[in-house]
>>> print(open('my_file-v5.cif').read())   # mmCIF, C-alpha atoms and all ligand atoms
data_input
loop_
_atom_site.label_atom_id
_atom_site.label_comp_id
_atom_site.auth_asym_id
_atom_site.auth_seq_id
_atom_site.Cartn_x
_atom_site.Cartn_y
_atom_site.Cartn_z
CA MET I 1317 27.02 -65.46 -63.24
CA ASN I 1318 23.76 -64.09 -61.89
CA HIS I 1319 22.39 -60.92 -63.49
CA PRO I 1320 23.46 -57.86 -61.43
CA LYS I 1321 19.78 -57.04 -60.81
CA GLU I 1322 19.58 -60.19 -58.62
CA GLU I 1323 22.01 -58.89 -55.98
CA ARG I 1324 20.54 -58.96 -52.47
CA THR I 1325 21.52 -57.24 -49.25
CA LEU I 1326 20.50 -57.30 -45.58
CA VAL I 1327 19.14 -54.26 -43.77
CA VAL I 1328 18.16 -54.23 -40.09
CA ILE I 1329 16.32 -51.26 -38.59
CA LYS I 1330 17.86 -51.18 -35.11
CA PRO I 1331 15.83 -50.71 -31.87
CA ASP I 1332 16.31 -46.91 -31.95
CA GLY I 1333 15.04 -46.76 -35.54
CA VAL I 1334 11.86 -48.57 -34.50
CA GLN I 1335 11.47 -46.37 -31.37
CA ARG I 1336 11.98 -43.18 -33.42
CA SER I 1337 9.10 -44.28 -35.73
CA LEU I 1338 11.38 -44.28 -38.75
CA ILE I 1339 10.41 -47.68 -40.21
CA GLY I 1340 8.27 -46.14 -42.96
CA GLU I 1341 10.78 -43.43 -43.78
CA ILE I 1342 13.65 -45.93 -44.07
CA ILE I 1343 11.67 -48.41 -46.19
CA GLY I 1344 10.57 -45.50 -48.41
CA ARG I 1345 14.17 -44.52 -49.15
CA PHE I 1346 15.00 -47.96 -50.52
CA GLU I 1347 11.73 -48.22 -52.45
CA LYS I 1348 12.29 -44.86 -54.10
CA VAL I 1349 15.75 -45.71 -55.41
CA GLY I 1350 14.24 -48.74 -57.17
CA LEU I 1351 15.13 -51.63 -54.88
CA LYS I 1352 12.68 -54.48 -54.28
CA LEU I 1353 11.78 -55.74 -50.79
CA VAL I 1354 11.94 -59.57 -50.90
CA ALA I 1355 11.80 -60.41 -47.15
CA ILE I 1356 10.78 -58.59 -43.96
CA LYS I 1357 10.13 -59.51 -40.32
CA MET I 1358 10.08 -57.95 -36.85
CA LEU I 1359 11.87 -59.72 -34.00
CA VAL I 1360 13.74 -59.18 -30.74
CA PRO I 1361 17.18 -60.67 -31.43
CA THR I 1362 18.95 -62.83 -28.84
CA PRO I 1363 22.47 -61.88 -27.63
CA GLY I 1364 23.88 -64.98 -29.36
CA HIS I 1365 22.29 -64.03 -32.67
CA ILE I 1366 23.86 -60.56 -32.53
CA GLU I 1367 27.30 -61.80 -31.50
CA GLU I 1368 27.28 -64.30 -34.38
CA HIS I 1369 26.02 -61.63 -36.78
CA TYR I 1370 28.92 -59.29 -36.08
CA THR I 1371 31.57 -62.01 -36.05
CA LEU I 1372 30.48 -63.70 -39.31
CA ASP I 1373 33.36 -61.81 -40.91
CA PRO I 1374 36.58 -62.83 -39.09
CA GLU I 1375 38.10 -59.47 -40.06
CA TRP I 1376 35.32 -57.36 -38.48
CA LYS I 1377 37.00 -57.10 -35.06
CA ARG I 1378 40.29 -55.81 -36.46
CA ILE I 1379 38.72 -53.45 -39.03
CA THR I 1380 36.22 -51.95 -36.55
CA GLY I 1381 38.94 -51.38 -33.92
CA GLU I 1382 41.22 -49.75 -36.47
CA LYS I 1383 38.38 -47.52 -37.70
CA ARG I 1384 37.87 -46.28 -34.12
CA VAL I 1385 41.61 -45.54 -33.68
CA LYS I 1386 41.66 -43.59 -36.97
CA ALA I 1387 38.59 -41.53 -35.99
CA ALA I 1388 40.17 -40.72 -32.58
CA LYS I 1389 43.40 -39.55 -34.25
CA GLU I 1390 41.48 -37.27 -36.61
CA LYS I 1391 39.64 -35.64 -33.72
CA GLY I 1392 42.61 -35.59 -31.33
CA GLU I 1393 40.80 -37.88 -28.85
CA LYS I 1394 42.72 -40.09 -26.38
CA LEU I 1395 41.63 -43.74 -26.21
CA GLU I 1396 42.24 -46.07 -23.24
CA THR I 1397 43.89 -48.56 -25.62
CA GLU I 1398 44.86 -48.57 -29.28
CA ASP I 1399 44.69 -52.37 -29.55
CA PRO I 1400 41.93 -52.87 -32.18
CA PHE I 1401 40.85 -56.20 -30.67
CA LYS I 1402 40.50 -54.83 -27.14
CA ILE I 1403 38.51 -51.90 -28.52
CA THR I 1404 36.15 -54.19 -30.43
CA ASP I 1405 35.62 -56.57 -27.49
CA LYS I 1406 34.18 -53.60 -25.59
CA ILE I 1407 32.16 -52.43 -28.63
CA LEU I 1408 30.67 -55.89 -29.07
CA GLU I 1409 29.58 -56.00 -25.42
CA VAL I 1410 27.64 -52.71 -25.64
CA LEU I 1411 26.45 -53.49 -29.16
CA ILE I 1412 24.77 -56.69 -27.95
CA LYS I 1413 22.96 -54.69 -25.23
CA TYR I 1414 21.83 -52.11 -27.82
CA MET I 1415 20.66 -54.59 -30.46
CA THR I 1416 18.68 -56.78 -28.03
CA SER I 1417 16.98 -53.86 -26.23
CA GLY I 1418 13.76 -54.06 -28.30
CA PRO I 1419 12.26 -55.12 -31.61
CA VAL I 1420 14.20 -54.68 -34.84
CA VAL I 1421 12.98 -54.95 -38.43
CA ALA I 1422 15.10 -57.24 -40.62
CA MET I 1423 14.76 -56.99 -44.39
CA VAL I 1424 16.28 -58.25 -47.61
CA TRP I 1425 16.44 -55.78 -50.50
CA GLN I 1426 17.15 -56.80 -54.09
CA GLY I 1427 18.38 -54.85 -57.10
CA ALA I 1428 21.42 -53.82 -59.10
CA HIS I 1429 24.33 -52.86 -56.81
CA SER I 1430 21.99 -53.21 -53.83
CA THR I 1431 24.79 -53.60 -51.23
CA GLU I 1432 26.71 -50.55 -52.42
CA LEU I 1433 23.55 -48.50 -52.96
CA VAL I 1434 22.10 -49.25 -49.53
CA ARG I 1435 25.41 -48.34 -47.81
CA LYS I 1436 25.48 -45.06 -49.73
CA ILE I 1437 21.93 -44.20 -48.63
CA VAL I 1438 22.59 -45.33 -45.01
CA GLY I 1439 25.83 -43.27 -44.61
CA GLY I 1440 28.94 -43.80 -42.47
CA THR I 1441 28.97 -45.51 -39.07
CA GLU I 1442 29.18 -42.32 -36.99
CA PRO I 1443 26.10 -40.10 -37.50
CA ARG I 1444 28.12 -37.01 -36.54
CA SER I 1445 30.30 -37.41 -39.62
CA SER I 1446 27.79 -39.12 -41.95
CA ASP I 1447 26.96 -37.08 -45.04
CA VAL I 1448 23.88 -34.88 -45.17
CA GLY I 1449 21.22 -36.68 -47.20
CA THR I 1450 22.04 -40.10 -45.73
CA ILE I 1451 19.71 -41.79 -43.23
CA ARG I 1452 22.32 -41.68 -40.43
CA GLY I 1453 23.32 -38.12 -41.32
CA ASP I 1454 19.78 -36.78 -41.49
CA TYR I 1455 17.93 -38.50 -38.66
CA VAL I 1456 20.29 -38.88 -35.71
CA LEU I 1457 23.08 -36.94 -33.96
CA ASP I 1458 25.18 -39.53 -32.14
CA SER I 1459 29.00 -39.66 -32.14
CA TYR I 1460 31.92 -41.87 -31.07
CA ILE I 1461 32.75 -39.52 -28.22
CA MET I 1462 29.15 -39.47 -26.95
CA ALA I 1463 28.93 -43.27 -27.05
CA ASP I 1464 32.33 -43.78 -25.41
CA THR I 1465 31.67 -41.21 -22.67
CA ASP I 1466 28.55 -43.11 -21.64
CA SER I 1467 30.00 -46.60 -22.33
CA ARG I 1468 27.33 -47.51 -24.85
CA ALA I 1469 27.03 -48.33 -28.54
CA ILE I 1470 26.62 -45.67 -31.19
CA ARG I 1471 22.93 -45.31 -31.98
CA ASN I 1472 22.80 -45.09 -35.73
CA LEU I 1473 19.30 -46.44 -36.55
CA ILE I 1474 20.18 -49.06 -39.07
CA HIS I 1475 22.48 -51.95 -40.03
CA ALA I 1476 23.44 -52.58 -43.64
CA SER I 1477 25.79 -55.24 -45.01
CA GLY I 1478 29.22 -53.86 -45.86
CA SER I 1479 30.07 -55.96 -48.93
CA SER I 1480 28.49 -58.52 -51.28
CA LYS I 1481 30.20 -61.31 -49.33
CA GLU I 1482 28.84 -59.93 -46.05
CA SER I 1483 25.35 -59.63 -47.60
CA GLU I 1484 25.28 -63.30 -48.55
CA ALA I 1485 26.42 -64.54 -45.13
CA GLU I 1486 24.15 -62.13 -43.22
CA ILE I 1487 21.02 -62.97 -45.23
CA LYS I 1488 21.59 -66.67 -44.39
CA HIS I 1489 22.03 -65.73 -40.72
CA TRP I 1490 18.71 -63.83 -40.51
CA PHE I 1491 16.40 -65.57 -43.01
CA THR I 1492 15.56 -69.10 -44.18
CA PRO I 1493 15.17 -69.50 -47.97
CA GLU I 1494 11.38 -69.95 -47.46
CA GLU I 1495 11.12 -66.50 -45.89
CA ILE I 1496 12.44 -64.85 -49.06
CA THR I 1497 9.94 -64.31 -51.88
CA ASP I 1498 10.84 -64.30 -55.57
CA TYR I 1499 8.44 -62.06 -57.47
CA LYS I 1500 8.28 -59.47 -60.23
CA LEU I 1501 7.70 -55.79 -59.60
CA VAL I 1502 6.16 -53.94 -62.58
CA SER I 1503 8.55 -51.01 -62.03
CA GLU I 1504 11.47 -53.35 -62.79
CA GLN I 1505 10.52 -53.21 -66.50
CA ILE I 1506 11.41 -49.52 -66.61
CA LEU I 1507 14.63 -50.12 -64.65
CA TYR I 1508 15.94 -53.24 -66.34
CA ASP I 1509 14.12 -54.30 -69.56
CA VAL I 1510 16.26 -54.10 -72.69
CA ASN I 1511 13.52 -52.55 -74.83
CA LEU I 1512 10.91 -50.17 -73.53
CA ASP I 1513 8.12 -51.56 -75.68
CA GLY I 1514 4.57 -51.96 -74.49
CA ILE I 1515 4.26 -48.45 -73.06
CA LEU I 1516 2.51 -46.75 -75.97
CA GLU I 1517 -1.00 -47.92 -76.86
O1 LIG O 1 27.27 -50.51 -38.98
P1 LIG O 1 28.56 -50.23 -39.69
O2 LIG O 1 28.92 -51.31 -40.70
O3 LIG O 1 28.59 -48.86 -40.28
O4 LIG O 1 29.71 -50.21 -38.57
P2 LIG O 1 30.61 -51.37 -37.92
O5 LIG O 1 32.00 -50.83 -37.84
O6 LIG O 1 30.43 -52.67 -38.62
O7 LIG O 1 30.06 -51.48 -36.44
C1 LIG O 1 28.82 -52.09 -36.16
C2 LIG O 1 28.04 -51.25 -35.19
O8 LIG O 1 28.73 -51.20 -33.95
C3 LIG O 1 27.86 -49.79 -35.59
O9 LIG O 1 26.82 -49.58 -36.52
C4 LIG O 1 27.61 -49.13 -34.24
O10 LIG O 1 26.27 -49.24 -33.82
C5 LIG O 1 28.50 -49.97 -33.31
N1 LIG O 1 29.82 -49.32 -33.06
C6 LIG O 1 30.02 -48.60 -31.88
O11 LIG O 1 29.13 -48.50 -31.06
N2 LIG O 1 31.23 -48.00 -31.64
C7 LIG O 1 32.23 -48.08 -32.53
N3 LIG O 1 33.39 -47.49 -32.28
C8 LIG O 1 32.04 -48.79 -33.74
C9 LIG O 1 30.82 -49.41 -33.97
MG MG O 2 29.57 -53.29 -40.48
#
>>> encode(input="my_file-v5.cif", output="structure tokens")
Amino acid sequence: MNHPKEERTLVVIKPDGVQRSLIGEIIGRFEKVGLKLVAIKMLVPTPGHIEEHYTLDPEWKRITGEKRVKAAKEKGEKLETEDPFKITDKILEVLIKYMTSGPVVAMVWQGAHSTELVRKIVGGTEPRSSDVGTIRGDYVLDSYIMADTDSRAIRNLIHASGSSKESEAEIKHWFTPEEITDYKLVSEQILYDVNLDGILE
């Protein structure tokens, strides 16, 4: 088993995150918690790349559709259909438009519990209901109802892998092994070393 500190996760700053000049702010949040940036690049994704990205997990369509139905029930909203697959087909169509509308910044972050930690800092899918203190909760005001009314995707600044399994598959989808750098960060000593020796002179 790999040491937990070697866990890696994928983060993509979406086109609205780049346009809102939040690249530095977002990177800073992950740096401050102690994660290590091991790969980064800017690109304009192709529609095919985005479709494949979101369908890497065969369960994504069902889960995402069901999440939308649950949110509608909680808010008393009426949906055109409650079929999770029909809902997600539409989401995927607008999501591809959104994600290919401009440059994005793709990154790999490494550290203990990185997938879980990044999701916690990013917040829930819908900015309207994301917790205060999260990136989506603090920096954007979009909602399911706003997005659906205008037939577009929810603008929530950032993508983050949802599970360790998703992280592994998504990193392979966005980066070649050569684009990922293995290196030591001096701050890792204070986070992970067994003995804190070598501090005092
Ligand atoms: O990004 P996250 O894992 O939080 O959410 P997801 O359920 O995997 O959905 C992926 C992306 O699709 C979201 O981040 C939104 O940008 C978009 N989406 C949407 O526009 N409308 C929905 N009802 C659900 C998702
Ligand atoms: Mg997801």
>>> atom_distance(input="my_file-v5.cif", atom1="CA of Gly1381 in chain I", atom2="CA of Lys1406 in chain I")
9.8 Å
>>> closest_atom_pairs(input="my_file-v5.cif", of="chain I", to="ligand MG 2 (chain O)", cutoff="9 Å", atoms="only C-alpha atoms and all ligand atoms", output="CSV")
residue,atom,partner,partner_atom,distance
I:Tyr1370,CA,O:MG2,MG,7.5
I:Trp1376,CA,O:MG2,MG,7.3
I:Thr1380,CA,O:MG2,MG,7.8
I:Thr1441,CA,O:MG2,MG,7.9
I:His1475,CA,O:MG2,MG,7.2
I:Ala1476,CA,O:MG2,MG,6.9
I:Ser1477,CA,O:MG2,MG,6.2
I:Gly1478,CA,O:MG2,MG,5.4
I:Ser1479,CA,O:MG2,MG,8.9
I:Glu1482,CA,O:MG2,MG,8.7
>>> residues_around(input="my_file-v5.cif", residues="range 1344-1347 of chain I", least_positions_apart="6", cutoff="8 Å", atoms="all atoms listed in the file", output="VMD selection string")
chain I and resid 1353 1425 1434 1437
>>> residues_near_ligand(input="my_file-v5.cif", ligand="ligand LIG 1 (chain O)", cutoff="9 Å", atoms="only C-alpha atoms and all ligand atoms", output="PyMOL selection string")
chain I and resi 1330+1370+1376-1377+1379-1381+1383-1385+1387+1403-1404+1406-1408+1410-1411+1414-1415+1435+1438-1442+1459-1461+1463-1464+1467-1478
>>> write_last_selection(input="my_file-v5.cif", atoms="C-alpha atoms", output="CSV table (one decimal), keeping the file's coordinate frame")
chain,number,residue,atom,x,y,z
I,1330,LYS,CA,17.9,-51.2,-35.1
I,1370,TYR,CA,28.9,-59.3,-36.1
I,1376,TRP,CA,35.3,-57.4,-38.5
I,1377,LYS,CA,37.0,-57.1,-35.1
I,1379,ILE,CA,38.7,-53.4,-39.0
I,1380,THR,CA,36.2,-52.0,-36.6
I,1381,GLY,CA,38.9,-51.4,-33.9
I,1383,LYS,CA,38.4,-47.5,-37.7
I,1384,ARG,CA,37.9,-46.3,-34.1
I,1385,VAL,CA,41.6,-45.5,-33.7
I,1387,ALA,CA,38.6,-41.5,-36.0
I,1403,ILE,CA,38.5,-51.9,-28.5
I,1404,THR,CA,36.2,-54.2,-30.4
I,1406,LYS,CA,34.2,-53.6,-25.6
I,1407,ILE,CA,32.2,-52.4,-28.6
I,1408,LEU,CA,30.7,-55.9,-29.1
I,1410,VAL,CA,27.6,-52.7,-25.6
I,1411,LEU,CA,26.4,-53.5,-29.2
I,1414,TYR,CA,21.8,-52.1,-27.8
I,1415,MET,CA,20.7,-54.6,-30.5
I,1435,ARG,CA,25.4,-48.3,-47.8
I,1438,VAL,CA,22.6,-45.3,-45.0
I,1439,GLY,CA,25.8,-43.3,-44.6
I,1440,GLY,CA,28.9,-43.8,-42.5
I,1441,THR,CA,29.0,-45.5,-39.1
I,1442,GLU,CA,29.2,-42.3,-37.0
I,1459,SER,CA,29.0,-39.7,-32.1
I,1460,TYR,CA,31.9,-41.9,-31.1
I,1461,ILE,CA,32.8,-39.5,-28.2
I,1463,ALA,CA,28.9,-43.3,-27.0
I,1464,ASP,CA,32.3,-43.8,-25.4
I,1467,SER,CA,30.0,-46.6,-22.3
I,1468,ARG,CA,27.3,-47.5,-24.8
I,1469,ALA,CA,27.0,-48.3,-28.5
I,1470,ILE,CA,26.6,-45.7,-31.2
I,1471,ARG,CA,22.9,-45.3,-32.0
I,1472,ASN,CA,22.8,-45.1,-35.7
I,1473,LEU,CA,19.3,-46.4,-36.6
I,1474,ILE,CA,20.2,-49.1,-39.1
I,1475,HIS,CA,22.5,-52.0,-40.0
I,1476,ALA,CA,23.4,-52.6,-43.6
I,1477,SER,CA,25.8,-55.2,-45.0
I,1478,GLY,CA,29.2,-53.9,-45.9
>>> residues_around(input="my_file-v5.cif", residues="range 1488-1502 of chain I", least_positions_apart="3", cutoff="7 Å", atoms="only C-alpha atoms", output="list in words")
Val1354, Ala1355, His1369, Glu1484, Ala1485 and Gln1505 of chain I
>>> write_last_selection(input="my_file-v5.cif", atoms="C-alpha atoms", output="PDB file, in the coordinates of the input")
ATOM      1  CA  VAL I1354      11.940 -59.570 -50.900  1.00  0.00           C
ATOM      2  CA  ALA I1355      11.800 -60.410 -47.150  1.00  0.00           C
ATOM      3  CA  HIS I1369      26.020 -61.630 -36.780  1.00  0.00           C
ATOM      4  CA  GLU I1484      25.280 -63.300 -48.550  1.00  0.00           C
ATOM      5  CA  ALA I1485      26.420 -64.540 -45.130  1.00  0.00           C
ATOM      6  CA  GLN I1505      10.520 -53.210 -66.500  1.00  0.00           C
TER       7      GLN I1505
END
>>> closest_atom_pairs(input="my_file-v5.cif", of="range 1391-1475 of chain I", to="range 1320-1324 of chain I", cutoff="8 Å", atoms="only C-alpha atoms", output="CSV")
residue,atom,partner,partner_atom,distance
I:Val1424,CA,I:Arg1324,CA,6.5
I:Trp1425,CA,I:Arg1324,CA,5.6
I:Gln1426,CA,I:Arg1324,CA,4.3
I:Gly1427,CA,I:Lys1321,CA,4.5
I:Ala1428,CA,I:Lys1321,CA,4.0
I:His1429,CA,I:Glu1323,CA,6.5
I:Ser1430,CA,I:Glu1323,CA,6.1
I:Thr1431,CA,I:Arg1324,CA,7.0
>>> atom_distance(input="my_file-v5.cif", atom1="CA of Met1423 in chain I", atom2="CA of Val1327 in chain I")
5.2 Å
>>> atom_distance(input="my_file-v5.cif", atom1="CA of Gly1364 in chain I", atom2="CA of Met1462 in chain I")
26.2 Å
>>> closest_residue(input="my_file-v5.cif", among="I:Tyr1508, I:Pro1331, I:Ile1515, I:His1319", to="Pro1419 in chain I", atoms="all atoms listed in the file")
I:Pro1331
>>> residues_around(input="my_file-v5.cif", residues="Gly1453 in chain I", least_positions_apart="2", cutoff="9 Å", atoms="all atoms listed in the file", output="VMD selection string")
chain I and resid 1438 to 1440 1442 to 1451 1455 to 1457 1472
